[in-house]
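Participant: Input run.txt, format and content: compact mmCIF, C-alpha atoms.
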```txt
# COMPACT_ATOMS: atom_id res chain seq x y z
CA MET B 1 -79.81 -78.42 -60.30
CA ASP B 2 -76.11 -78.47 -61.07
CA THR B 3 -76.56 -75.43 -63.25
CA ILE B 4 -78.05 -73.46 -60.34
CA LYS B 5 -75.14 -74.51 -58.08
CA TYR B 6 -72.56 -73.36 -60.60
CA PHE B 7 -74.46 -70.13 -61.10
CA MET B 8 -74.60 -69.38 -57.37
CA PHE B 9 -70.89 -70.24 -57.05
CA TYR B 10 -69.89 -67.75 -59.77
CA ILE B 11 -72.16 -65.11 -58.24
CA ILE B 12 -70.43 -65.53 -54.85
CA ILE B 13 -66.98 -65.40 -56.45
CA PHE B 14 -67.98 -62.30 -58.41
CA PHE B 15 -69.21 -60.43 -55.32
CA LEU B 16 -66.28 -61.54 -53.13
CA ASP B 17 -63.94 -59.86 -55.58
CA ARG B 18 -65.65 -56.51 -54.97
CA PRO B 19 -63.97 -54.21 -52.39
CA LEU B 20 -67.24 -53.28 -50.67
CA VAL B 21 -68.15 -56.93 -50.22
CA ARG B 22 -64.70 -57.71 -48.85
CA LEU B 23 -64.92 -54.69 -46.53
CA GLY B 24 -68.23 -56.00 -45.24
CA PHE B 25 -66.69 -59.37 -44.50
CA ALA B 26 -63.78 -57.65 -42.78
CA TYR B 27 -66.20 -55.63 -40.64
CA PHE B 28 -68.06 -58.80 -39.72
CA TYR B 29 -64.74 -60.53 -39.03
CA LEU B 30 -63.66 -57.63 -36.77
CA ILE B 31 -66.89 -57.84 -34.75
CA LEU B 32 -66.44 -61.57 -34.44
CA TRP B 33 -62.87 -61.27 -33.22
CA ASN B 34 -63.78 -58.47 -30.85
CA TRP B 35 -66.20 -60.84 -29.19
CA PHE B 36 -63.63 -63.62 -29.32
CA LEU B 37 -60.93 -61.47 -27.65
CA VAL B 38 -63.25 -60.78 -24.79
CA LYS B 39 -63.76 -64.49 -24.30
CA ALA B 40 -60.19 -65.63 -25.10
CA THR B 41 -56.74 -64.62 -23.82
CA PHE B 42 -54.99 -64.43 -27.22
CA ALA B 43 -55.68 -63.67 -30.86
CA ASP B 44 -53.65 -63.58 -34.06
CA ILE B 45 -53.81 -60.00 -35.31
CA ASP B 46 -52.05 -60.92 -38.55
CA LEU B 47 -55.26 -62.63 -39.78
CA MET B 48 -56.83 -59.20 -40.24
CA HIS B 49 -54.32 -58.41 -43.02
CA LEU B 50 -56.26 -60.88 -45.17
CA PHE B 51 -58.97 -58.29 -45.78
CA SER B 52 -56.77 -55.15 -46.03
CA GLY B 53 -55.28 -55.79 -49.50
CA SER B 54 -58.04 -53.99 -51.47
CA LEU B 55 -57.79 -50.85 -49.33
CA ALA B 56 -54.01 -50.63 -49.84
CA VAL B 57 -54.50 -50.38 -53.61
CA ASN B 58 -56.37 -47.06 -53.36
CA SER B 59 -54.67 -45.52 -50.33
CA GLY B 60 -51.06 -46.30 -51.25
CA SER B 61 -48.59 -48.65 -49.55
CA ILE B 62 -47.71 -47.96 -45.95
CA ALA B 63 -44.10 -47.06 -45.22
CA ASP B 64 -42.05 -49.87 -43.79
CA SER B 65 -40.95 -47.80 -40.83
CA ASN B 66 -44.58 -47.24 -39.77
CA SER B 67 -45.76 -50.78 -40.44
CA VAL B 68 -47.08 -52.87 -37.61
CA ASP B 69 -44.84 -55.71 -38.81
CA ASN B 70 -41.74 -53.66 -37.97
CA ILE B 71 -42.58 -53.23 -34.28
CA PRO B 72 -40.76 -55.83 -32.13
CA ILE B 73 -43.76 -57.23 -30.28
CA ASN B 74 -41.70 -59.50 -28.02
CA ASN B 75 -39.35 -56.68 -26.87
CA PRO B 76 -40.58 -54.16 -24.30
CA PRO B 77 -40.33 -50.45 -25.16
CA PHE B 78 -37.07 -48.70 -24.27
CA ASN B 79 -36.99 -47.27 -20.79
CA PRO B 80 -33.97 -45.02 -20.10
CA ASN B 81 -34.21 -45.64 -16.37
CA ASP B 82 -33.81 -49.42 -16.72
CA ASN B 83 -30.63 -51.05 -15.38
CA ILE B 84 -29.31 -47.77 -13.86
CA PRO B 85 -27.96 -48.08 -10.32
CA ILE B 86 -29.66 -45.98 -7.66
CA ASN B 87 -26.47 -44.09 -6.77
CA ASN B 88 -25.81 -43.03 -10.37
CA PRO B 89 -26.94 -39.63 -11.68
CA PRO B 90 -29.97 -39.41 -13.98
CA PHE B 91 -29.60 -40.81 -17.46
CA ASN B 92 -27.89 -38.58 -19.97
CA PRO B 93 -28.34 -39.57 -23.62
CA ASN B 94 -24.92 -38.12 -24.40
CA ASP B 95 -23.13 -40.31 -21.85
CA ASN B 96 -22.12 -42.85 -24.47
CA ILE B 97 -20.72 -40.19 -26.82
CA PRO B 98 -16.96 -39.73 -26.30
CA ILE B 99 -16.21 -36.06 -25.71
CA ASN B 100 -12.66 -34.76 -25.68
CA ASN B 101 -12.67 -32.23 -22.88
CA PRO B 102 -9.41 -30.26 -23.08
CA ILE B 103 -7.72 -29.24 -19.86
CA PRO B 104 -8.88 -25.69 -19.14
CA LEU B 105 -6.21 -23.03 -19.37
CA ASP B 106 -5.27 -21.16 -16.23
CA VAL B 107 -5.50 -17.39 -15.95
CA VAL B 108 -1.86 -16.79 -16.86
CA ASP B 109 -2.08 -18.89 -20.02
CA GLN B 110 -5.23 -17.07 -21.09
CA PHE B 111 -3.53 -13.73 -20.50
CA ARG B 112 -0.51 -14.87 -22.54
CA ILE B 113 -2.79 -15.84 -25.44
CA LEU B 114 -4.40 -12.40 -25.38
CA ASN B 115 -0.94 -10.77 -25.39
CA GLN B 116 0.91 -13.25 -27.59
CA GLU B 117 1.95 -10.52 -30.06
CA THR B 118 4.27 -9.06 -27.42
CA GLU B 119 5.96 -12.41 -26.90
CA LEU B 120 6.25 -12.99 -30.65
CA GLU B 121 7.95 -9.62 -31.02
CA LEU B 122 10.27 -10.40 -28.12
CA PHE B 123 11.42 -13.72 -29.61
CA ALA B 124 11.75 -12.22 -33.09
CA ARG B 125 14.05 -9.51 -31.72
CA ILE B 126 16.09 -12.14 -29.88
CA ARG B 127 16.65 -14.02 -33.14
CA LEU B 128 17.63 -10.80 -34.93
CA LEU B 129 20.16 -10.06 -32.20
CA GLU B 130 21.63 -13.55 -32.44
CA ASN B 131 21.84 -13.26 -36.24
CA ARG B 132 24.14 -10.26 -35.84
CA LEU B 133 26.79 -12.76 -34.67
CA ILE B 134 28.29 -10.60 -31.93
CA ASP B 135 30.27 -12.54 -29.35
CA GLY B 136 28.67 -12.08 -25.96
CA LEU B 137 25.42 -10.58 -27.31
CA PRO B 138 23.44 -12.30 -26.01
CA PRO B 139 25.72 -13.81 -23.34
CA GLN B 140 24.61 -17.38 -24.18
CA MET B 141 27.07 -19.10 -26.48
CA ASN B 142 24.85 -21.35 -28.62
CA PHE B 143 22.16 -20.15 -30.99
CA GLY B 144 18.66 -20.44 -29.46
CA GLU B 145 19.78 -20.73 -25.84
CA TYR B 146 18.78 -17.19 -24.95
CA GLU B 147 15.31 -17.64 -26.42
CA ALA B 148 14.86 -20.94 -24.59
CA LEU B 149 15.95 -19.29 -21.34
CA VAL B 150 13.43 -16.46 -21.73
CA ARG B 151 10.66 -18.91 -22.65
CA GLY B 152 11.41 -20.87 -19.51
CA PHE B 153 11.15 -17.75 -17.34
CA LEU B 154 7.77 -16.90 -18.88
CA ASP B 155 6.46 -20.46 -18.59
CA ASP B 156 7.32 -20.57 -14.88
CA THR B 157 5.21 -17.52 -14.00
CA LEU B 158 2.40 -18.18 -11.54
CA THR B 159 0.26 -15.05 -11.62
CA ILE B 160 -0.53 -12.31 -14.11
CA ALA B 161 1.45 -9.79 -12.04
CA HIS B 162 4.41 -12.17 -11.96
CA TYR B 163 4.17 -12.72 -15.71
CA ARG B 164 4.00 -9.00 -16.49
CA ASN B 165 7.01 -8.35 -14.24
CA VAL B 166 9.07 -11.08 -15.91
CA LEU B 167 8.05 -9.95 -19.40
CA SER B 168 8.92 -6.35 -18.57
CA ASN B 169 12.34 -7.35 -17.25
CA GLU B 170 13.09 -9.48 -20.31
CA LEU B 171 12.08 -6.67 -22.65
CA PHE B 172 14.32 -4.27 -20.76
CA ASP B 173 17.28 -6.68 -20.81
CA LEU B 174 16.81 -7.18 -24.54
CA ARG B 175 16.76 -3.41 -25.14
CA LEU B 176 20.06 -3.07 -23.29
CA LEU B 177 21.59 -5.83 -25.41
CA GLU B 178 20.34 -4.15 -28.57
CA PHE B 179 21.72 -0.78 -27.44
CA LYS B 180 25.08 -2.38 -26.68
CA ALA B 181 25.14 -4.03 -30.11
CA ASN B 182 24.31 -0.73 -31.83
CA LEU B 183 26.95 1.18 -29.85
CA LEU B 184 29.54 -1.54 -30.49
CA GLU B 185 28.97 -1.38 -34.23
CA GLN B 186 29.34 2.42 -34.13
CA LEU B 187 32.67 2.19 -32.28
CA VAL B 188 34.07 -0.55 -34.55
CA ASN B 189 33.01 1.33 -37.68
CA LEU B 190 34.69 4.53 -36.41
CA LEU B 191 37.89 2.66 -35.64
CA MET B 192 37.96 0.90 -38.99
CA GLY B 193 37.18 4.23 -40.67
CA GLU B 194 40.46 5.77 -39.46
CA THR B 195 43.15 6.45 -42.02
CA THR B 196 45.40 3.56 -42.90
CA GLU B 197 48.42 5.09 -41.13
CA ARG B 198 46.51 5.91 -37.96
CA LEU B 199 44.74 2.52 -37.88
CA THR B 200 48.06 0.74 -38.31
CA GLN B 201 49.56 2.79 -35.48
CA ILE B 202 46.58 2.09 -33.19
CA LEU B 203 46.75 -1.67 -33.82
CA ALA B 204 50.50 -1.62 -33.24
CA ASP B 205 50.20 0.25 -29.93
CA SER B 206 47.24 -1.79 -28.63
CA PRO B 207 47.93 -4.66 -26.22
CA PHE B 208 45.07 -6.51 -27.87
CA ARG B 209 45.30 -8.52 -31.07
CA GLU B 210 43.70 -7.20 -34.25
CA GLY B 211 40.95 -9.83 -34.29
CA ALA B 212 39.77 -8.83 -30.82
CA ILE B 213 38.43 -5.40 -31.74
CA ARG B 214 34.76 -6.36 -31.36
CA THR B 215 35.38 -8.42 -28.23
CA GLU B 216 37.32 -5.62 -26.55
CA GLY B 217 34.76 -3.08 -27.71
CA LEU B 218 32.01 -4.97 -25.84
CA SER B 219 34.28 -5.26 -22.80
CA PHE B 220 34.80 -1.49 -22.92
CA ILE B 221 31.05 -0.85 -22.94
CA ASN B 222 30.46 -3.17 -19.98
CA ASP B 223 33.39 -1.67 -18.09
CA PHE B 224 32.23 1.88 -18.85
CA MET B 225 28.76 1.07 -17.51
CA SER B 226 30.29 -0.59 -14.45
CA ARG B 227 32.31 2.54 -13.61
CA LEU B 228 29.05 4.55 -13.71
CA ASN B 229 27.20 1.93 -11.59
CA LEU B 230 24.83 1.16 -14.46
CA THR B 231 25.41 -2.58 -14.82
CA ASP B 232 22.51 -3.86 -12.70
CA PRO B 233 19.66 -1.34 -12.56
CA GLN B 234 16.69 -2.38 -10.45
CA SER B 235 14.45 0.62 -9.90
CA PRO B 236 12.50 2.23 -12.75
CA PHE B 237 14.67 5.34 -12.30
CA ASP B 238 17.92 3.39 -12.73
CA LYS B 239 16.54 1.55 -15.75
CA GLY B 240 15.51 4.81 -17.35
CA LEU B 241 18.95 6.26 -16.63
CA VAL B 242 20.74 3.31 -18.26
CA GLU B 243 18.59 3.53 -21.40
CA ALA B 244 19.13 7.29 -21.60
CA MET B 245 22.92 6.95 -21.27
CA LEU B 246 23.15 4.25 -23.97
CA ARG B 247 20.97 6.29 -26.30
CA TYR B 248 23.17 9.33 -25.68
CA TRP B 249 26.41 7.41 -26.43
CA ILE B 250 24.97 6.04 -29.67
CA GLN B 251 23.79 9.50 -30.71
CA ASP B 252 27.16 11.01 -29.79
CA ALA B 253 29.03 8.48 -31.92
CA GLN B 254 26.67 8.98 -34.85
CA GLN B 255 26.83 12.78 -34.81
CA ASN B 256 30.43 13.48 -33.78
CA GLY B 257 32.26 10.48 -35.21
CA ASN B 258 35.89 10.05 -34.10
CA LEU B 259 35.61 13.30 -32.12
CA SER B 260 32.82 11.93 -29.90
CA ALA B 261 33.52 11.47 -26.20
CA VAL B 262 32.53 7.83 -26.18
CA TYR B 263 34.85 7.00 -29.09
CA ARG B 264 37.81 8.80 -27.46
CA GLU B 265 37.19 6.78 -24.30
CA PHE B 266 37.12 3.61 -26.38
CA LEU B 267 40.48 4.49 -28.00
CA ARG B 268 42.06 5.04 -24.59
CA TYR B 269 40.75 1.65 -23.47
CA PHE B 270 41.88 -0.13 -26.64
CA LEU B 271 45.37 1.40 -26.37
CA GLY B 272 45.68 0.18 -22.78
CA ASN B 273 45.62 3.65 -21.18
```
Before anything else, please render the file you have as structure tokens.

Facilitator:
Amino acid sequence: MDTIKYFMFYIIIFFLDRPLVRLGFAYFYLILWNWFLVKATFADIDLMHLFSGSLAVNSGSIADSNSVDNIPINNPPFNPNDNIPINNPPFNPNDNIPINNPIPLDVVDQFRILNQETELELFARIRLLENRLIDGLPPQMNFGEYEALVRGFLDDTLTIAHYRNVLSNELFDLRLLEFKANLLEQLVNLLMGETTERLTQILADSPFREGAIRTEGLSFINDFMSRLNLTDPQSPFDKGLVEAMLRYWIQDAQQNGNLSAVYREFLRYFLGN
């Protein structure tokens, strides 16, 4: 009798170890719990994992992210509309992401960016003029003051038309300063190119000291322009006339040397006549 009991026990153990037998028990267990869930208000789903081990061997392990164990059963699913006041706008998933929104540029600033090469050229020419180390050209005494002044004028513009007008005026003023510097160098070079005897006589007869040649040369140019009413041109015609006259004087000094009309006028001025 005991032998039969042991035999039946080993038979049961042998069949329970088979996947099909365990699947049959799982199917029976599922039907039983399906009936039980209808009758009861709760059930422990984790008990079903008891019969799923043999299937996992052939089908491969389930990823942890997709496992039922990883789902927070006690926490409700995320609802983006929860805890949002009625007066607030609809939920935006990017609301919590800090975004650095730069202050938008106005129309004038955008126009200046598109035409920044003109400003760069303007400031480069201002620095070149200052590096020539001519007293009074530009009129500002300290290095960099003229550039800062022009930058301030451009920064204070309010409209594109205003900006273009200011930029045009600054370019014109700079051209006049450059023309004056070029003419001054021509006059000084012609004077210093005189013979030693004549240069000595000129310096002796001049009411100005020898070291004031460049200073008095610039004063002569400004005075000459003032006598011709060319010191403060406003209209496009007057501006064109001033540029043409300065170009002519420079060309006259280059081509005719100490016989040029502008140089003879400079000598009369420097000698006090």

Participant: Quick one: pull the distance between CA of Leu167 (chain B) and CA of Glu185 (chain B), Å, one decimal.

Facilitator: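 Straight-line distance from CA of Leu167 (chain B) to CA of Glu185 (chain B) works out to 27.0 Å.
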
Participant: How many Å lie between CA of Gln186 (chain B) and CA of Ala253 (chain B), rounded to one decimal?

Facilitator: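 CA of Ala253 (chain B) lies at a distance of 6.5 Å from CA of Gln186 (chain B).
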
Participant: When you count all atoms listed in the file, which of these residues is closest to Asn182 (chain B): B:Val108, B:Ile126, B:Ile134, B:Met225?

Facilitator: B:Ile134

Participant: Quick one: pull the distance between CA of Val262 (chain B) and CA of Trp249 (chain B), Å, one decimal.

Facilitator: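 Going from CA of Val262 (chain B) over to CA of Trp249 (chain B) covers 6.1 Å.
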
Participant: My list of candidates is B:Ala244, B:Leu177, B:Leu122, B:Leu133. Which is closest to Arg151 (chain B) when distances are computed with all atoms listed in the file?

Facilitator: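 Comparing B:Ala244, B:Leu177, B:Leu122, B:Leu133 against Arg151 (chain B), the winner is B:Leu122.
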
Participant: Could you list, as JSON, numbers by chain, every residue within 10 Å of Asn258 (chain B), counting all atoms listed in the file and ignoring same-chain residues fewer than 5 positions away?

Facilitator: {"B": [187, 189, 190, 191, 193, 194, 252, 253, 263, 264, 267]}

Participant: Could you work out an axis-aligned bounding box for all listed atoms of region 106-119 of chain B, with 6 Å added on each of the six sides, and give its centre and edge lengths in Å to one decimal, as AutoDock Vina command-line options?

Facilitator:
```
--center_x 0.2 --center_y -15.1 --center_z -23.0 --size_x 23.5 --size_y 24.1 --size_z 26.1
```

Participant: Between B:Gln254, B:Asn131, B:Asn222, B:Gln116, which residue has the minimum interatomic distance to Leu154 (chain B), considering only C-alpha atoms?

Facilitator: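 The shortest atom-to-atom distance to Leu154 (chain B) comes from B:Gln116.
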
Participant: Would you mind listing what lies within 10 Å of region 234-240 of chain B as JSON, numbers by chain, with all atoms listed in the file counted and same-chain residues fewer than 2 positions away left out?

Facilitator: {"B": [169, 172, 173, 176, 229, 230, 231, 232, 242, 243, 244, 245]}
